[in-house]
Amino acid sequence: MRIYEDPYLLQQQALAWRQAGEEIGLVPTMGALHAGHESLVTRARRENARVVVSIFVNPLQFGPDEDFARYPRPFDQDAGRLTALQVDALFHPSVDQLFPRSFKSAVDPGPLGDRLEGQARPGHFRGVLTAVLKLFELAQPKRAYFGQKDIQQLLLVRQLGRDFALPVHVVACPTVREPDGLALSSRNVYLTAEQRQHAPVIFAALRAAEAAFRRGERDAERLEQLARDRMAAAPGLAVEYVACFDEIGLQRPARAAAGNILATAVKLGSTRLIDNVVLGAGSD
Ligand code: PAJ
């Protein structure tokens with residue numbers, strides 16, 4: 001595995017691979033890699049001649065009061081994991097290399113970027129899409145891999161691809177979980193032992209609402225309330241939102257239907273966690 005810090009060296013390598021007819025799979029990450037990230041990399045390895053993984057804690061997508069400075073950055077450990085997964089190129093630019101002072105443009109995600117996560121985190125998706133578009137241009141992927149766990153991000157990257165006719169197939173990968181259901185996240189390390197003990201209620205609540213859907217409940221608001229009630233019992237957990245929405249307009253459906261998403265954001269102490277399930281796809 002070769003490590004690239006200079007964006008233009010990575011781009012030259014990517015263009016050379018493409019010219020040689022080798023398809024590139026890209027897995028964008030912010031590092032602190034866990035089995036969720038690894039599942040994306042493993043899939044990319046299976047489906048492409050070349051695999052590029054980026055590790056870049058993107059300052060553009062963090063709010064002023066968020067955890068940019070303290071976001072975990074265990075780079076050597078991450079590089080070791082990626083070597084073992086037979087990644088061809090690890091792209092690890094500095095902030096100045098990717099977004100130098102001369103950088104002025106930004107991708108406007110449009111109205112869907114202001115809903116849900118975007119409402120809670122103003123400017124977040126503008127920062128995400130700006131970084132993702134630049135990563136696409138540098139790594140020249142045929143396929144790019146994104147986790148279902150960040151469902152709104154996945155949908156907005158899909159929209160970016162469609163809107164700008166990007167020649168990239170955006171591949172959605174299922175959420176990888178701990179045995180007790182907690183979705184893997186680089187932010188789980190922030191949880192105290194007690195918070196960690198209560199965190200599985202997030203997925204349990206979503207799954208309970210999803211089970212109600214499969215038993216015939218079609219009132220989207222009632223599904224949301226069911227999940228909220230289930231989480232209310234957990235000490236120290238504050239629900240930011242529970243939202244049932246369709247994959248296209250991110251609007252609450254008049255009647256919930258299979259394929260709709262039930263998503264939540266909660267705070268356990270100062271740690272913000274998100275999760276979601278697809279209605280009609282659950283198991284219990
Ligand atoms: P990061 O949070 O590091 O996540 C990188 C990718 O891993 C995302 O596509 C995310 O959805 C996926 N992922 C995270 N946890 C997962 C899990 N438990 N199961 C499956 N996939 C999971 O998302 C970002 O970084 C950034 O916003 C980025 C896209 C890199 C742009 O800066």
# chains A, B, ... in the order shown; residues from 1 in each chain; ligands from 1
$ closest_atom_pairs --of "region 84-150 of chain A" --to "region 184-203 of chain A" --cutoff "12 Å" --atoms "only C-alpha atoms" --output "JSON lines"
{"residue": "A:Gly147", "atom": "CA", "partner": "A:Leu184", "partner_atom": "CA", "distance": 10.9}
{"residue": "A:Gln148", "atom": "CA", "partner": "A:Leu184", "partner_atom": "CA", "distance": 11.7}
{"residue": "A:Lys149", "atom": "CA", "partner": "A:Leu184", "partner_atom": "CA", "distance": 8.9}
{"residue": "A:Asp150", "atom": "CA", "partner": "A:Ser185", "partner_atom": "CA", "distance": 10.3}
$ write_last_selection --atoms "C-alpha atoms" --output "PDB file, in the first residue's frame"
ATOM      1  CA  GLY A 147     -22.524   3.339   4.661  1.00  0.00           C
ATOM      2  CA  GLN A 148     -26.276   3.131   5.137  1.00  0.00           C
ATOM      3  CA  LYS A 149     -25.633   4.290   8.704  1.00  0.00           C
ATOM      4  CA  ASP A 150     -25.245   7.863   7.435  1.00  0.00           C
TER       5      ASP A 150
END
$ residues_around --residues "region 126-128 of chain A" --least-positions-apart "2" --cutoff "6 Å" --atoms "only C-alpha atoms" --output "PDB file with N, CA and C atoms, in the first residue's frame"
ATOM      1  N   LEU A  60     -14.502  21.207   7.064  1.00  0.00           N
ATOM      2  CA  LEU A  60     -15.662  21.904   6.496  1.00  0.00           C
ATOM      3  C   LEU A  60     -16.992  21.340   6.985  1.00  0.00           C
ATOM      4  N   GLN A  61     -16.994  20.085   7.457  1.00  0.00           N
ATOM      5  CA  GLN A  61     -18.271  19.489   7.826  1.00  0.00           C
ATOM      6  C   GLN A  61     -18.543  19.517   9.328  1.00  0.00           C
ATOM      7  N   VAL A 107     -19.974  23.088  -2.618  1.00  0.00           N
ATOM      8  CA  VAL A 107     -21.152  22.452  -3.203  1.00  0.00           C
ATOM      9  C   VAL A 107     -22.358  22.767  -2.312  1.00  0.00           C
ATOM     10  N   ASP A 108     -23.381  23.359  -2.927  1.00  0.00           N
ATOM     11  CA  ASP A 108     -24.630  23.623  -2.216  1.00  0.00           C
ATOM     12  C   ASP A 108     -25.512  22.380  -2.329  1.00  0.00           C
ATOM     13  N   PRO A 109     -25.819  21.733  -1.209  1.00  0.00           N
ATOM     14  CA  PRO A 109     -26.596  20.485  -1.289  1.00  0.00           C
ATOM     15  C   PRO A 109     -28.054  20.706  -1.633  1.00  0.00           C
ATOM     16  N   GLY A 123     -24.701  23.647   7.622  1.00  0.00           N
ATOM     17  CA  GLY A 123     -23.468  23.654   6.819  1.00  0.00           C
ATOM     18  C   GLY A 123     -22.783  22.303   6.729  1.00  0.00           C
ATOM     19  N   HIS A 124     -23.285  21.334   7.494  1.00  0.00           N
ATOM     20  CA  HIS A 124     -22.623  20.023   7.522  1.00  0.00           C
ATOM     21  C   HIS A 124     -22.540  19.392   6.134  1.00  0.00           C
ATOM     22  N   THR A 130     -18.668  19.039  -0.559  1.00  0.00           N
ATOM     23  CA  THR A 130     -17.502  19.735  -1.107  1.00  0.00           C
ATOM     24  C   THR A 130     -16.272  18.817  -1.037  1.00  0.00           C
ATOM     25  N   ALA A 131     -16.104  18.160   0.107  1.00  0.00           N
ATOM     26  CA  ALA A 131     -14.969  17.234   0.254  1.00  0.00           C
ATOM     27  C   ALA A 131     -15.139  16.022  -0.665  1.00  0.00           C
TER      28      ALA A 131
END
$ residues_near_ligand --ligand "ligand 1" --cutoff "9 Å" --atoms "only C-alpha atoms and all ligand atoms" --output "PyMOL selection string"
chain A and resi 27-40+54-61+124-125+127-132+135+144-151+153-154+157+172-178+182-187+275
$ select_by_dssp --residues "region 16-256 of chain A" --states "strand (DSSP E)" --output "JSON, numbers by chain"
{"A": [24, 25, 26, 27, 28, 29, 50, 51, 52, 53, 54, 55, 89, 90, 91, 143, 144, 145, 146, 147, 169, 170, 171, 172, 173, 237, 238, 239, 240, 241, 242, 243, 244, 245]}
$ residues_around --residues "Leu15 (chain A)" --least-positions-apart "2" --cutoff "12 Å" --atoms "only C-alpha atoms" --output "PyMOL selection string"
chain A and resi 8-13+17-24+50+136-142
$ residues_around --residues "region 217-234 of chain A" --least-positions-apart "5" --cutoff "8 Å" --atoms "only C-alpha atoms" --output "MDAnalysis selection string"
chainID A and resid 198 201:202 205:206 208:210 212 239 242:244 252:257 262
$ closest_residue --among "A:Pro64, A:Val170, A:Leu273, A:Arg115" --to "Arg143 (chain A)" --atoms "only C-alpha atoms"
A:Val170
$ select_by_dssp --residues "region 16-237 of chain A" --states "alpha helix (DSSP H)" --output "VMD selection string"
chain A and resid 16 to 19 35 to 47 75 to 84 95 to 98 117 to 120 124 to 139 151 to 163 193 to 198 201 to 214 220 to 232
$ atom_distance --atom1 "CA of Tyr241 (chain A)" --atom2 "CA of Gly63 (chain A)"
18.4 Å
$ atom_distance --atom1 "CA of Ala238 (chain A)" --atom2 "CA of Ala204 (chain A)"
15.4 Å
$ residues_around --residues "Val87 (chain A)" --least-positions-apart "4" --cutoff "7 Å" --atoms "only C-alpha atoms" --output "MDAnalysis selection string"
chainID A and resid 1 51:52 82:83
$ decode --residues "region 205-240 of chain A" --atoms "N, CA, C and O atoms" --output "compact mmCIF listing (two decimals), in the first residue's frame"
# COMPACT_ATOMS: atom_id res chain seq x y z
N ALA A 205 -35.00 0.66 19.89
CA ALA A 205 -36.19 1.49 19.70
C ALA A 205 -36.59 1.55 18.22
O ALA A 205 -37.77 1.43 17.86
N LEU A 206 -35.61 1.71 17.36
CA LEU A 206 -35.89 1.75 15.92
C LEU A 206 -36.47 0.42 15.46
O LEU A 206 -37.40 0.35 14.66
N ARG A 207 -35.88 -0.64 16.01
CA ARG A 207 -36.32 -1.97 15.61
C ARG A 207 -37.74 -2.28 16.11
O ARG A 207 -38.52 -2.94 15.43
N ALA A 208 -38.06 -1.77 17.29
CA ALA A 208 -39.41 -1.97 17.83
C ALA A 208 -40.43 -1.27 16.92
O ALA A 208 -41.50 -1.82 16.61
N ALA A 209 -40.09 -0.05 16.48
CA ALA A 209 -41.00 0.67 15.59
C ALA A 209 -41.10 -0.03 14.24
O ALA A 209 -42.18 -0.12 13.64
N GLU A 210 -39.99 -0.56 13.80
CA GLU A 210 -39.98 -1.27 12.51
C GLU A 210 -40.84 -2.53 12.60
O GLU A 210 -41.55 -2.89 11.66
N ALA A 211 -40.79 -3.20 13.77
CA ALA A 211 -41.62 -4.40 13.97
C ALA A 211 -43.09 -4.00 13.96
O ALA A 211 -43.93 -4.72 13.39
N ALA A 212 -43.40 -2.85 14.56
CA ALA A 212 -44.79 -2.36 14.55
C ALA A 212 -45.24 -2.10 13.11
O ALA A 212 -46.38 -2.41 12.74
N PHE A 213 -44.34 -1.55 12.31
CA PHE A 213 -44.66 -1.34 10.89
C PHE A 213 -45.02 -2.66 10.23
O PHE A 213 -46.02 -2.76 9.51
N ARG A 214 -44.22 -3.66 10.51
CA ARG A 214 -44.49 -4.96 9.85
C ARG A 214 -45.75 -5.63 10.38
O ARG A 214 -46.34 -6.45 9.69
N ARG A 215 -46.15 -5.24 11.58
CA ARG A 215 -47.43 -5.76 12.10
C ARG A 215 -48.62 -4.96 11.56
O ARG A 215 -49.76 -5.25 11.86
N GLY A 216 -48.35 -3.91 10.78
CA GLY A 216 -49.45 -3.20 10.12
C GLY A 216 -49.59 -1.72 10.47
O GLY A 216 -50.40 -1.03 9.87
N GLU A 217 -48.80 -1.22 11.40
CA GLU A 217 -48.87 0.22 11.73
C GLU A 217 -48.34 1.03 10.55
O GLU A 217 -47.20 0.83 10.12
N ARG A 218 -49.15 1.93 10.03
CA ARG A 218 -48.73 2.73 8.87
C ARG A 218 -48.71 4.23 9.17
O ARG A 218 -48.41 5.03 8.29
N ASP A 219 -49.05 4.61 10.39
CA ASP A 219 -49.04 6.02 10.78
C ASP A 219 -47.60 6.41 11.13
O ASP A 219 -47.05 5.96 12.15
N ALA A 220 -47.00 7.24 10.27
CA ALA A 220 -45.57 7.57 10.42
C ALA A 220 -45.30 8.25 11.77
O ALA A 220 -44.29 7.96 12.43
N GLU A 221 -46.22 9.14 12.16
CA GLU A 221 -46.00 9.83 13.44
C GLU A 221 -46.05 8.88 14.61
O GLU A 221 -45.30 9.02 15.58
N ARG A 222 -46.95 7.89 14.51
CA ARG A 222 -47.04 6.92 15.61
C ARG A 222 -45.78 6.04 15.66
O ARG A 222 -45.32 5.68 16.74
N LEU A 223 -45.23 5.72 14.51
CA LEU A 223 -43.97 4.95 14.49
C LEU A 223 -42.85 5.75 15.15
O LEU A 223 -42.07 5.23 15.94
N GLU A 224 -42.80 7.03 14.81
CA GLU A 224 -41.78 7.90 15.42
C GLU A 224 -41.96 7.94 16.94
O GLU A 224 -40.98 7.82 17.70
N GLN A 225 -43.23 8.09 17.37
CA GLN A 225 -43.52 8.22 18.81
C GLN A 225 -43.14 6.94 19.55
O GLN A 225 -42.60 6.97 20.65
N LEU A 226 -43.41 5.82 18.88
CA LEU A 226 -43.08 4.53 19.49
C LEU A 226 -41.58 4.44 19.81
O LEU A 226 -41.18 4.04 20.90
N ALA A 227 -40.77 4.84 18.84
CA ALA A 227 -39.32 4.80 19.04
C ALA A 227 -38.90 5.79 20.13
O ALA A 227 -38.06 5.49 20.98
N ARG A 228 -39.52 6.98 20.10
CA ARG A 228 -39.20 8.00 21.10
C ARG A 228 -39.52 7.50 22.51
O ARG A 228 -38.72 7.63 23.42
N ASP A 229 -40.72 6.91 22.67
CA ASP A 229 -41.14 6.41 23.98
C ASP A 229 -40.17 5.35 24.49
O ASP A 229 -39.82 5.31 25.66
N ARG A 230 -39.75 4.50 23.57
CA ARG A 230 -38.86 3.41 23.97
C ARG A 230 -37.52 3.97 24.48
O ARG A 230 -36.92 3.45 25.41
N MET A 231 -37.07 5.07 23.88
CA MET A 231 -35.77 5.64 24.29
C MET A 231 -35.89 6.50 25.54
O MET A 231 -34.90 6.73 26.24
N ALA A 232 -37.14 6.97 25.83
CA ALA A 232 -37.34 7.89 26.96
C ALA A 232 -36.92 7.25 28.28
O ALA A 232 -36.50 7.95 29.20
N ALA A 233 -36.99 5.92 28.34
CA ALA A 233 -36.67 5.22 29.59
C ALA A 233 -35.16 5.22 29.90
O ALA A 233 -34.77 5.00 31.04
N ALA A 234 -34.34 5.45 28.88
CA ALA A 234 -32.88 5.33 29.09
C ALA A 234 -32.34 6.57 29.79
O ALA A 234 -32.49 7.69 29.29
N PRO A 235 -31.70 6.41 30.95
CA PRO A 235 -31.19 7.58 31.67
C PRO A 235 -30.04 8.25 30.91
O PRO A 235 -29.21 7.57 30.31
N GLY A 236 -30.06 9.57 30.90
CA GLY A 236 -28.96 10.31 30.29
C GLY A 236 -29.02 10.40 28.79
O GLY A 236 -28.12 10.94 28.15
N LEU A 237 -30.09 9.87 28.20
CA LEU A 237 -30.20 9.91 26.74
C LEU A 237 -31.23 10.96 26.33
O LEU A 237 -32.36 10.95 26.81
N ALA A 238 -30.82 11.89 25.48
CA ALA A 238 -31.74 12.92 24.99
C ALA A 238 -31.97 12.71 23.50
O ALA A 238 -31.02 12.71 22.72
N VAL A 239 -33.23 12.55 23.13
CA VAL A 239 -33.56 12.35 21.71
C VAL A 239 -33.59 13.70 21.01
O VAL A 239 -34.29 14.60 21.43
N GLU A 240 -32.80 13.83 19.93
CA GLU A 240 -32.84 15.07 19.15
C GLU A 240 -33.98 15.01 18.14
O GLU A 240 -34.76 15.92 18.01
